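Worksheet: one structure, shown below.
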Amino acid sequence: MNKKLILLAIALFTATRSFCAEPPRLIVQIVVGSMRAEDLGRYAANFGEGGFRRLMQGGTVYTDSRYDFQQTTTPVSLATLSTGALPSTHGIIGDQWVDYTSNGIVSLTDGRKGPGAYHLIAPTLSETLRRQRPESRTATVAAEAASAAMLAGRGGEVFWLDPVRCDWTTSLYYAAGVPEWIDRSNDERYNLSYIATEWRPLLGRERYVNTRNLQIVFPEKKGKRGETPRPEGGGLVLEDDYQRLLWTPAGNTAVLGLAKQLVAQYKLGEDATPDLLNICLDASRRISEAYGPESVEVEDMYYRLDRDLEDFLTFLFAQVKNGNVTVVLTSDHGTSPSYDLALEEPDRFNARQFEVIVNGFLNVRYGTGNWVVTYGDRGIWLNHNLIYERGLNLAEVQNEVAIFAMQFRGVSHAISATAMRSSYFGSGYARRMQNSFYPRRSGDVVINLMPGWIEEREACRSMSGSMYGYDTEVPLIFYGTGAGQQHVNRRVEMTSVAPTLARLAGITEPAAAEGDLLPEIVDL
């Protein structure tokens, strides 16, 4: 009899463990811009004990975590992280798109109250937490407004850098102004103290894995034969303080510095009700774009970030009672190889030329007119009003443009919007393109570039926005409350992060979330 009672008690405990266990007082989500899944291992030898290595050795590390869509750009991926939904559901398909009724350009965060999440269709984890637990507090900080808005959604304490003065700011969409303590910091121009006059290396030259050096100045070794390699050139000319923050490691330092103040000032994690802090490190992405993932500059940025992260984690776990914190470290996407590494002709796609030639093709086919409204983020928008005025069939015009687009160098696939709407692609490249497609906003024709190809942009060596592994595979680590010390090798979709964090916080998942819960973190 006693044995049966014991077994029953064990069964009841197991069934209710996730509800009885104390949730974390604070959940912190750290998004490192453009960090490839392989970067943690590549640079591990030069990491200290308390930053990335602390998370890797003490947390649950998912070794095969991916975004399952093509449009792996920052706002799109951040919207997926915050909502648990694919772009085809949350509606964010890029920085801008076309309003088909007016042919006007719609900007992602523009609105009458300043930057905000006006166009994000699905609710975020932050919104869901505040709605279900009104006493919970949420805060978000990023270097760029779009990143902050996509992580936060509607409401909460949301801050980003002002491009003019480098102050911390918000918009009327979120609050009437920044709090007094941020005002004081802004008046003192505190963020400018992070800026260095010259980017010098953190370590000796012999300790760096990467060999390409475009801007960092290494001190010459005295008393030895030969000279320390000088920069190859091609580095950025940083013209103002904002660029000197956002395109150097100082930008990450500034963001994590404000994150610490947010924890202290808003008393995040002070009581048993879970709070949420979102952090997006945009400077990592800007540096990767400008110098490429093979550069010493990117590597040095990671080493400096490792030290900033150690400082932040030490503060965080000391600040919150019993260290009852869950930290999630991941990325918005990876990044392509640098286009100019190979000896042969660089693999870049001239978007402006493509737009002009497609319009010329339609001029020949259907008569003179402004057939193309714009091109952007692998999509081309056509002038629907003109198509209807000429009595043409929209689906046929889209299909002709898709066929024509396949003739361009660098284009591997092209699918019309009509095909996206009327067909279901269950596998392969078309499924990932369809997962990025939102009918009311996406272009009339969506293209995919060949592996290694990026769009031609000024001061941009590397770029995200493809379905290839270098863009879709990202690190994912859970550390602290709810996370054991283990490596998980199975495939994990990034739509799983938001619903898993919701369950960990003791709330239901965001309404549009599509991902599976991670059983290593929460009970199913």
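Letters for chains follow the order of the structure tokens (A, B, ...), residue numbers begin at 1 for each chain, and ligand numbers begin at 1 in the order shown.
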
Hey, could you make a per-residue contact list for range 425-475 of chain A against range 308-330 of chain A with 12 Å as the cut-off, showing the nearest pair of atoms and its distance in Å to one decimal, counting only C-alpha atoms, sorted by chain and number, as a tab-separated table?
```
residue	atom	partner	partner_atom	distance
A:Thr472	CA	A:Thr330	CA	11.9
A:Glu473	CA	A:Thr330	CA	10.3
A:Val474	CA	A:Thr330	CA	6.6
A:Pro475	CA	A:Thr330	CA	5.1
```

Can you write just those residues out, N, CA and C atoms, as a compact mmCIF listing (two decimals), in the first residue's frame?
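Full text of again.txt as output:
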```
# COMPACT_ATOMS: atom_id res chain seq x y z
N THR A 472 20.95 31.19 -41.99
CA THR A 472 19.85 30.64 -41.20
C THR A 472 20.30 29.96 -39.90
N GLU A 473 21.54 29.47 -39.84
CA GLU A 473 22.01 28.75 -38.66
C GLU A 473 22.60 29.74 -37.65
N VAL A 474 22.05 29.74 -36.45
CA VAL A 474 22.46 30.71 -35.43
C VAL A 474 22.68 30.00 -34.09
N PRO A 475 23.43 30.60 -33.19
CA PRO A 475 23.59 30.02 -31.86
C PRO A 475 22.30 30.15 -31.06
```

For this session: May I have the residues within 9 Å of Tyr208 in chain A as a ChimeraX atom specification, using only C-alpha atoms and disregarding those fewer than 3 positions away in the same chain?
Result: /A:43,46,203-205,211,296,299-300

Can you list every residue of range 203-268 of chain A that has an atom at most 9 Å from range 136-141 of chain A, with its nearest atom pair and the distance in Å to one decimal, using only C-alpha atoms, ordered by chain then number, as CSV?
```
residue,atom,partner,partner_atom,distance
A:Val255,CA,A:Val141,CA,6.7
A:Leu256,CA,A:Val141,CA,8.5
A:Leu258,CA,A:Val141,CA,7.5
A:Ala259,CA,A:Val141,CA,6.7
A:Leu262,CA,A:Ala139,CA,7.3
A:Val263,CA,A:Ala139,CA,8.7
A:Tyr266,CA,A:Arg137,CA,7.9
A:Lys267,CA,A:Arg137,CA,8.9
A:Leu268,CA,A:Arg137,CA,6.9
```

Requested write-out: N, CA and C atoms of the selected residues, as a PDB file, in the first residue's frame:
```pdb
ATOM      1  N   VAL A 255      25.038  49.576 -25.303  1.00  0.00           N
ATOM      2  CA  VAL A 255      23.749  48.902 -25.133  1.00  0.00           C
ATOM      3  C   VAL A 255      23.731  48.082 -23.848  1.00  0.00           C
ATOM      4  N   LEU A 256      24.785  47.303 -23.593  1.00  0.00           N
ATOM      5  CA  LEU A 256      24.823  46.508 -22.370  1.00  0.00           C
ATOM      6  C   LEU A 256      24.939  47.396 -21.136  1.00  0.00           C
ATOM      7  N   LEU A 258      23.434  50.356 -20.779  1.00  0.00           N
ATOM      8  CA  LEU A 258      22.075  50.790 -20.467  1.00  0.00           C
ATOM      9  C   LEU A 258      21.250  49.626 -19.928  1.00  0.00           C
ATOM     10  N   ALA A 259      21.476  48.417 -20.433  1.00  0.00           N
ATOM     11  CA  ALA A 259      20.734  47.248 -19.954  1.00  0.00           C
ATOM     12  C   ALA A 259      20.933  47.066 -18.453  1.00  0.00           C
ATOM     13  N   LEU A 262      18.816  49.579 -16.707  1.00  0.00           N
ATOM     14  CA  LEU A 262      17.400  49.230 -16.751  1.00  0.00           C
ATOM     15  C   LEU A 262      17.047  48.223 -15.658  1.00  0.00           C
ATOM     16  N   VAL A 263      17.922  47.235 -15.462  1.00  0.00           N
ATOM     17  CA  VAL A 263      17.683  46.244 -14.399  1.00  0.00           C
ATOM     18  C   VAL A 263      17.616  46.933 -13.042  1.00  0.00           C
ATOM     19  N   TYR A 266      14.539  49.950 -12.939  1.00  0.00           N
ATOM     20  CA  TYR A 266      13.178  49.428 -12.965  1.00  0.00           C
ATOM     21  C   TYR A 266      12.992  48.246 -12.026  1.00  0.00           C
ATOM     22  N   LYS A 267      14.056  47.917 -11.280  1.00  0.00           N
ATOM     23  CA  LYS A 267      14.007  46.827 -10.306  1.00  0.00           C
ATOM     24  C   LYS A 267      13.508  45.526 -10.947  1.00  0.00           C
ATOM     25  N   LEU A 268      14.054  45.251 -12.127  1.00  0.00           N
ATOM     26  CA  LEU A 268      13.661  44.032 -12.831  1.00  0.00           C
ATOM     27  C   LEU A 268      14.133  42.817 -12.038  1.00  0.00           C
TER      28      LEU A 268
END
```

Within 12 Å of range 142-159 of chain A, which residues of range 52-136 of chain A come that close, and what is the closest atom pair and distance in Å for each? Count only C-alpha atoms and give it as JSON lines.
```
{"residue": "A:Thr73", "atom": "CA", "partner": "A:Ser147", "partner_atom": "CA", "distance": 10.8}
{"residue": "A:Thr74", "atom": "CA", "partner": "A:Ser147", "partner_atom": "CA", "distance": 7.2}
{"residue": "A:Pro75", "atom": "CA", "partner": "A:Ser147", "partner_atom": "CA", "distance": 6.1}
{"residue": "A:Val76", "atom": "CA", "partner": "A:Met150", "partner_atom": "CA", "distance": 8.2}
{"residue": "A:Ser77", "atom": "CA", "partner": "A:Met150", "partner_atom": "CA", "distance": 8.9}
{"residue": "A:Leu78", "atom": "CA", "partner": "A:Met150", "partner_atom": "CA", "distance": 5.8}
{"residue": "A:Ala79", "atom": "CA", "partner": "A:Met150", "partner_atom": "CA", "distance": 5.2}
{"residue": "A:Thr80", "atom": "CA", "partner": "A:Met150", "partner_atom": "CA", "distance": 8.8}
{"residue": "A:Leu81", "atom": "CA", "partner": "A:Leu151", "partner_atom": "CA", "distance": 7.4}
{"residue": "A:Ser82", "atom": "CA", "partner": "A:Leu151", "partner_atom": "CA", "distance": 5.3}
{"residue": "A:Thr83", "atom": "CA", "partner": "A:Leu151", "partner_atom": "CA", "distance": 8.5}
{"residue": "A:Gly84", "atom": "CA", "partner": "A:Leu151", "partner_atom": "CA", "distance": 11.2}
{"residue": "A:His90", "atom": "CA", "partner": "A:Met150", "partner_atom": "CA", "distance": 10.5}
{"residue": "A:Gly91", "atom": "CA", "partner": "A:Met150", "partner_atom": "CA", "distance": 11.4}
{"residue": "A:Ile92", "atom": "CA", "partner": "A:Met150", "partner_atom": "CA", "distance": 9.0}
{"residue": "A:Ile93", "atom": "CA", "partner": "A:Met150", "partner_atom": "CA", "distance": 11.9}
{"residue": "A:Gly94", "atom": "CA", "partner": "A:Ala146", "partner_atom": "CA", "distance": 10.5}
{"residue": "A:Asp95", "atom": "CA", "partner": "A:Ala146", "partner_atom": "CA", "distance": 8.3}
{"residue": "A:Gln96", "atom": "CA", "partner": "A:Ala146", "partner_atom": "CA", "distance": 11.2}
{"residue": "A:Ser107", "atom": "CA", "partner": "A:Ala146", "partner_atom": "CA", "distance": 10.2}
{"residue": "A:Leu108", "atom": "CA", "partner": "A:Ala146", "partner_atom": "CA", "distance": 7.5}
{"residue": "A:Thr109", "atom": "CA", "partner": "A:Ala146", "partner_atom": "CA", "distance": 6.2}
{"residue": "A:Asp110", "atom": "CA", "partner": "A:Ala146", "partner_atom": "CA", "distance": 9.5}
{"residue": "A:Gly114", "atom": "CA", "partner": "A:Ala145", "partner_atom": "CA", "distance": 9.7}
{"residue": "A:Pro115", "atom": "CA", "partner": "A:Ala145", "partner_atom": "CA", "distance": 6.5}
{"residue": "A:Gly116", "atom": "CA", "partner": "A:Ala149", "partner_atom": "CA", "distance": 5.4}
{"residue": "A:Ala117", "atom": "CA", "partner": "A:Ala149", "partner_atom": "CA", "distance": 5.2}
{"residue": "A:Tyr118", "atom": "CA", "partner": "A:Arg154", "partner_atom": "CA", "distance": 8.1}
{"residue": "A:His119", "atom": "CA", "partner": "A:Gly153", "partner_atom": "CA", "distance": 9.5}
{"residue": "A:Leu120", "atom": "CA", "partner": "A:Gly153", "partner_atom": "CA", "distance": 7.1}
{"residue": "A:Ile121", "atom": "CA", "partner": "A:Gly153", "partner_atom": "CA", "distance": 9.5}
{"residue": "A:Ala122", "atom": "CA", "partner": "A:Gly153", "partner_atom": "CA", "distance": 8.7}
{"residue": "A:Pro123", "atom": "CA", "partner": "A:Gly153", "partner_atom": "CA", "distance": 6.9}
{"residue": "A:Thr124", "atom": "CA", "partner": "A:Gly153", "partner_atom": "CA", "distance": 5.7}
{"residue": "A:Leu125", "atom": "CA", "partner": "A:Ala152", "partner_atom": "CA", "distance": 7.9}
{"residue": "A:Ser126", "atom": "CA", "partner": "A:Ala152", "partner_atom": "CA", "distance": 5.9}
{"residue": "A:Glu127", "atom": "CA", "partner": "A:Arg154", "partner_atom": "CA", "distance": 6.4}
{"residue": "A:Thr128", "atom": "CA", "partner": "A:Gly153", "partner_atom": "CA", "distance": 9.9}
{"residue": "A:Leu129", "atom": "CA", "partner": "A:Gly156", "partner_atom": "CA", "distance": 10.4}
{"residue": "A:Arg130", "atom": "CA", "partner": "A:Gly156", "partner_atom": "CA", "distance": 8.3}
{"residue": "A:Arg131", "atom": "CA", "partner": "A:Gly155", "partner_atom": "CA", "distance": 10.5}
{"residue": "A:Pro134", "atom": "CA", "partner": "A:Gly156", "partner_atom": "CA", "distance": 11.1}
{"residue": "A:Glu135", "atom": "CA", "partner": "A:Gly156", "partner_atom": "CA", "distance": 11.8}
{"residue": "A:Ser136", "atom": "CA", "partner": "A:Gly156", "partner_atom": "CA", "distance": 10.0}
```

Dump as a tab-separated table (two decimals), in the first residue's frame, selection limited to N, CA and C atoms:
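Final file, again-v4.tsv:
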```
chain	number	residue	atom	x	y	z
A	73	THR	N	16.58	38.76	-42.57
A	73	THR	CA	17.09	40.09	-42.28
A	73	THR	C	16.68	40.46	-40.85
A	74	THR	N	17.30	41.48	-40.31
A	74	THR	CA	17.13	41.77	-38.88
A	74	THR	C	15.69	41.99	-38.44
A	75	PRO	N	14.92	42.91	-39.06
A	75	PRO	CA	13.56	43.10	-38.55
A	75	PRO	C	12.69	41.86	-38.68
A	76	VAL	N	12.88	41.10	-39.75
A	76	VAL	CA	12.07	39.89	-39.97
A	76	VAL	C	12.38	38.85	-38.91
A	77	SER	N	13.67	38.60	-38.68
A	77	SER	CA	14.05	37.57	-37.71
A	77	SER	C	13.71	37.98	-36.28
A	78	LEU	N	13.89	39.25	-35.95
A	78	LEU	CA	13.54	39.71	-34.60
A	78	LEU	C	12.04	39.58	-34.36
A	79	ALA	N	11.24	39.84	-35.38
A	79	ALA	CA	9.80	39.64	-35.23
A	79	ALA	C	9.46	38.18	-34.99
A	80	THR	N	10.19	37.27	-35.63
A	80	THR	CA	9.99	35.85	-35.38
A	80	THR	C	10.40	35.47	-33.96
A	81	LEU	N	11.54	35.99	-33.51
A	81	LEU	CA	11.98	35.71	-32.14
A	81	LEU	C	10.97	36.18	-31.11
A	82	SER	N	10.40	37.36	-31.33
A	82	SER	CA	9.53	37.96	-30.32
A	82	SER	C	8.11	37.40	-30.35
A	83	THR	N	7.66	36.89	-31.50
A	83	THR	CA	6.28	36.40	-31.62
A	83	THR	C	6.19	34.88	-31.67
A	84	GLY	N	7.27	34.21	-32.04
A	84	GLY	CA	7.21	32.77	-32.25
A	84	GLY	C	6.54	32.39	-33.55
A	90	HIS	N	3.47	36.78	-39.00
A	90	HIS	CA	3.62	38.05	-38.27
A	90	HIS	C	3.65	39.27	-39.20
A	91	GLY	N	3.82	39.07	-40.50
A	91	GLY	CA	3.63	40.15	-41.47
A	91	GLY	C	4.81	41.04	-41.73
A	92	ILE	N	5.94	40.85	-41.06
A	92	ILE	CA	7.12	41.68	-41.31
A	92	ILE	C	7.97	41.00	-42.38
A	93	ILE	N	8.13	41.67	-43.51
A	93	ILE	CA	8.85	41.06	-44.64
A	93	ILE	C	10.09	41.87	-45.04
A	94	GLY	N	10.38	42.95	-44.30
A	94	GLY	CA	11.55	43.76	-44.62
A	94	GLY	C	11.46	45.12	-43.96
A	95	ASP	N	12.39	46.00	-44.32
A	95	ASP	CA	12.40	47.37	-43.79
A	95	ASP	C	11.28	48.22	-44.39
A	96	GLN	N	10.85	47.86	-45.60
A	96	GLN	CA	9.78	48.61	-46.25
A	96	GLN	C	9.13	47.75	-47.32
A	107	SER	N	7.19	52.39	-44.71
A	107	SER	CA	8.38	52.12	-43.91
A	107	SER	C	8.00	51.36	-42.65
A	108	LEU	N	8.83	50.42	-42.28
A	108	LEU	CA	8.51	49.49	-41.20
A	108	LEU	C	8.09	50.17	-39.91
A	109	THR	N	8.84	51.16	-39.45
A	109	THR	CA	8.58	51.72	-38.12
A	109	THR	C	8.02	53.14	-38.15
A	110	ASP	N	7.78	53.69	-39.34
A	110	ASP	CA	7.30	55.07	-39.40
A	110	ASP	C	5.83	55.17	-38.98
A	114	GLY	N	6.13	58.59	-34.09
A	114	GLY	CA	7.52	58.19	-34.11
A	114	GLY	C	7.66	56.70	-34.26
A	115	PRO	N	8.89	56.19	-34.22
A	115	PRO	CA	9.11	54.76	-34.45
A	115	PRO	C	8.30	53.89	-33.50
A	116	GLY	N	7.77	52.80	-34.07
A	116	GLY	CA	6.98	51.87	-33.26
A	116	GLY	C	6.65	50.63	-34.05
A	117	ALA	N	5.98	49.70	-33.41
A	117	ALA	CA	5.64	48.41	-34.04
A	117	ALA	C	4.27	48.48	-34.70
A	118	TYR	N	4.07	49.49	-35.55
A	118	TYR	CA	2.76	49.72	-36.18
A	118	TYR	C	2.33	48.54	-37.04
A	119	HIS	N	3.26	47.91	-37.72
A	119	HIS	CA	2.92	46.93	-38.75
A	119	HIS	C	3.15	45.49	-38.32
A	120	LEU	N	3.51	45.28	-37.07
A	120	LEU	CA	3.70	43.92	-36.57
A	120	LEU	C	2.33	43.32	-36.27
A	121	ILE	N	1.95	42.29	-37.02
A	121	ILE	CA	0.60	41.73	-36.92
A	121	ILE	C	0.42	40.90	-35.66
A	122	ALA	N	1.41	40.10	-35.30
A	122	ALA	CA	1.28	39.15	-34.20
A	122	ALA	C	1.76	39.77	-32.88
A	123	PRO	N	1.16	39.38	-31.76
A	123	PRO	CA	1.62	39.89	-30.46
A	123	PRO	C	2.94	39.27	-30.05
A	124	THR	N	3.76	40.05	-29.36
A	124	THR	CA	5.08	39.59	-28.93
A	124	THR	C	5.00	38.95	-27.54
A	125	LEU	N	6.12	38.35	-27.15
A	125	LEU	CA	6.22	37.79	-25.80
A	125	LEU	C	6.06	38.89	-24.76
A	126	SER	N	6.66	40.06	-25.00
A	126	SER	CA	6.54	41.19	-24.06
A	126	SER	C	5.08	41.59	-23.87
A	127	GLU	N	4.35	41.73	-24.96
A	127	GLU	CA	2.94	42.10	-24.87
A	127	GLU	C	2.15	41.04	-24.12
A	128	THR	N	2.40	39.78	-24.43
A	128	THR	CA	1.67	38.68	-23.82
A	128	THR	C	1.92	38.62	-22.32
A	129	LEU	N	3.17	38.83	-21.91
A	129	LEU	CA	3.51	38.81	-20.50
A	129	LEU	C	2.80	39.92	-19.74
A	130	ARG	N	2.80	41.13	-20.29
A	130	ARG	CA	2.15	42.25	-19.59
A	130	ARG	C	0.64	42.07	-19.54
A	131	ARG	N	0.07	41.46	-20.59
A	131	ARG	CA	-1.39	41.27	-20.61
A	131	ARG	C	-1.82	40.21	-19.59
A	134	PRO	N	-0.19	41.65	-15.44
A	134	PRO	CA	-0.08	43.11	-15.50
A	134	PRO	C	1.00	43.69	-14.59
A	135	GLU	N	1.36	42.95	-13.53
A	135	GLU	CA	2.39	43.46	-12.62
A	135	GLU	C	3.80	43.21	-13.14
A	136	SER	N	3.93	42.44	-14.22
A	136	SER	CA	5.24	42.20	-14.81
A	136	SER	C	5.74	43.45	-15.53
```

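Per DSSP on the backbone, alpha helix (DSSP H) in range 27-91 of chain A comprises Asp39, Leu40, Gly41, Arg42, Phe52, Arg53, Arg54, Leu55, Met56, Gln57, Gly58, Thr74, Pro75, Val76, Ser77, Leu78, Ala79, Thr80, Leu81, Ser82, Thr83, Pro87, Ser88, Thr89 and His90 of chain A.
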
Exercise. Counting only C-alpha atoms, which of A:Gly33, A:Phe408, A:Tyr438, A:Tyr173 gets nearest to Leu246 in chain A?
Worked result: A:Gly33

For this session: Point out the residue among A:Glu297, A:Glu493, A:Asp306, A:Glu22 with the least atom-to-atom distance to Pro201 in chain A, counting only C-alpha atoms.
Result: A:Glu297

Exercise. Can you tell me, as a PyMOL selection string, what residues are no more than 12 Å from range 363-371 of chain A when counting only C-alpha atoms, ignoring any on the same chain fewer than 5 positions away?
Worked result: chain A and resi 103+355-358+380-394+396-398+400-401+404+444

Prev. selection, C-alpha atoms, output as an mmCIF file, in the first residue's frame:
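For reference, out_28.cif as written:
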```cif
data_model
loop_
_atom_site.group_PDB
_atom_site.id
_atom_site.type_symbol
_atom_site.label_atom_id
_atom_site.label_comp_id
_atom_site.auth_asym_id
_atom_site.auth_seq_id
_atom_site.Cartn_x
_atom_site.Cartn_y
_atom_site.Cartn_z
ATOM 1 C CA ASN A 103 1.900 52.699 -54.877
ATOM 2 C CA GLU A 355 14.795 47.125 -61.599
ATOM 3 C CA VAL A 356 15.525 49.207 -64.711
ATOM 4 C CA ILE A 357 15.892 46.194 -67.012
ATOM 5 C CA VAL A 358 12.653 44.592 -65.783
ATOM 6 C CA ILE A 380 9.957 43.452 -56.950
ATOM 7 C CA TRP A 381 6.699 45.397 -56.735
ATOM 8 C CA LEU A 382 4.734 46.138 -59.920
ATOM 9 C CA ASN A 383 2.354 48.998 -60.668
ATOM 10 C CA HIS A 384 -1.035 47.315 -60.211
ATOM 11 C CA ASN A 385 -2.939 50.441 -61.182
ATOM 12 C CA LEU A 386 -1.180 50.599 -64.547
ATOM 13 C CA ILE A 387 -1.647 46.873 -65.140
ATOM 14 C CA TYR A 388 -5.375 47.169 -64.551
ATOM 15 C CA GLU A 389 -5.636 50.361 -66.656
ATOM 16 C CA ARG A 390 -4.103 48.493 -69.583
ATOM 17 C CA GLY A 391 -6.563 45.644 -69.115
ATOM 18 C CA LEU A 392 -3.838 43.124 -68.368
ATOM 19 C CA ASN A 393 -4.015 39.986 -66.271
ATOM 20 C CA LEU A 394 -1.953 40.526 -63.119
ATOM 21 C CA GLU A 396 0.202 36.622 -66.250
ATOM 22 C CA VAL A 397 2.365 39.742 -65.884
ATOM 23 C CA GLN A 398 3.807 38.439 -62.606
ATOM 24 C CA GLU A 400 6.341 36.725 -67.164
ATOM 25 C CA VAL A 401 8.479 38.826 -64.830
ATOM 26 C CA PHE A 404 12.417 36.932 -67.140
ATOM 27 C CA ASP A 444 4.768 40.578 -57.007
#
```

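CA of Ser466 in chain A to CA of Gly428 in chain A spans 13.4 Å [interatomic distance, one decimal].
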
For this session: Find the residue from A:Val373, A:Ala351, A:Ile521, A:Val209 that sits nearest to Tyr479 in chain A; use only C-alpha atoms when measuring.
Result: A:Ile521
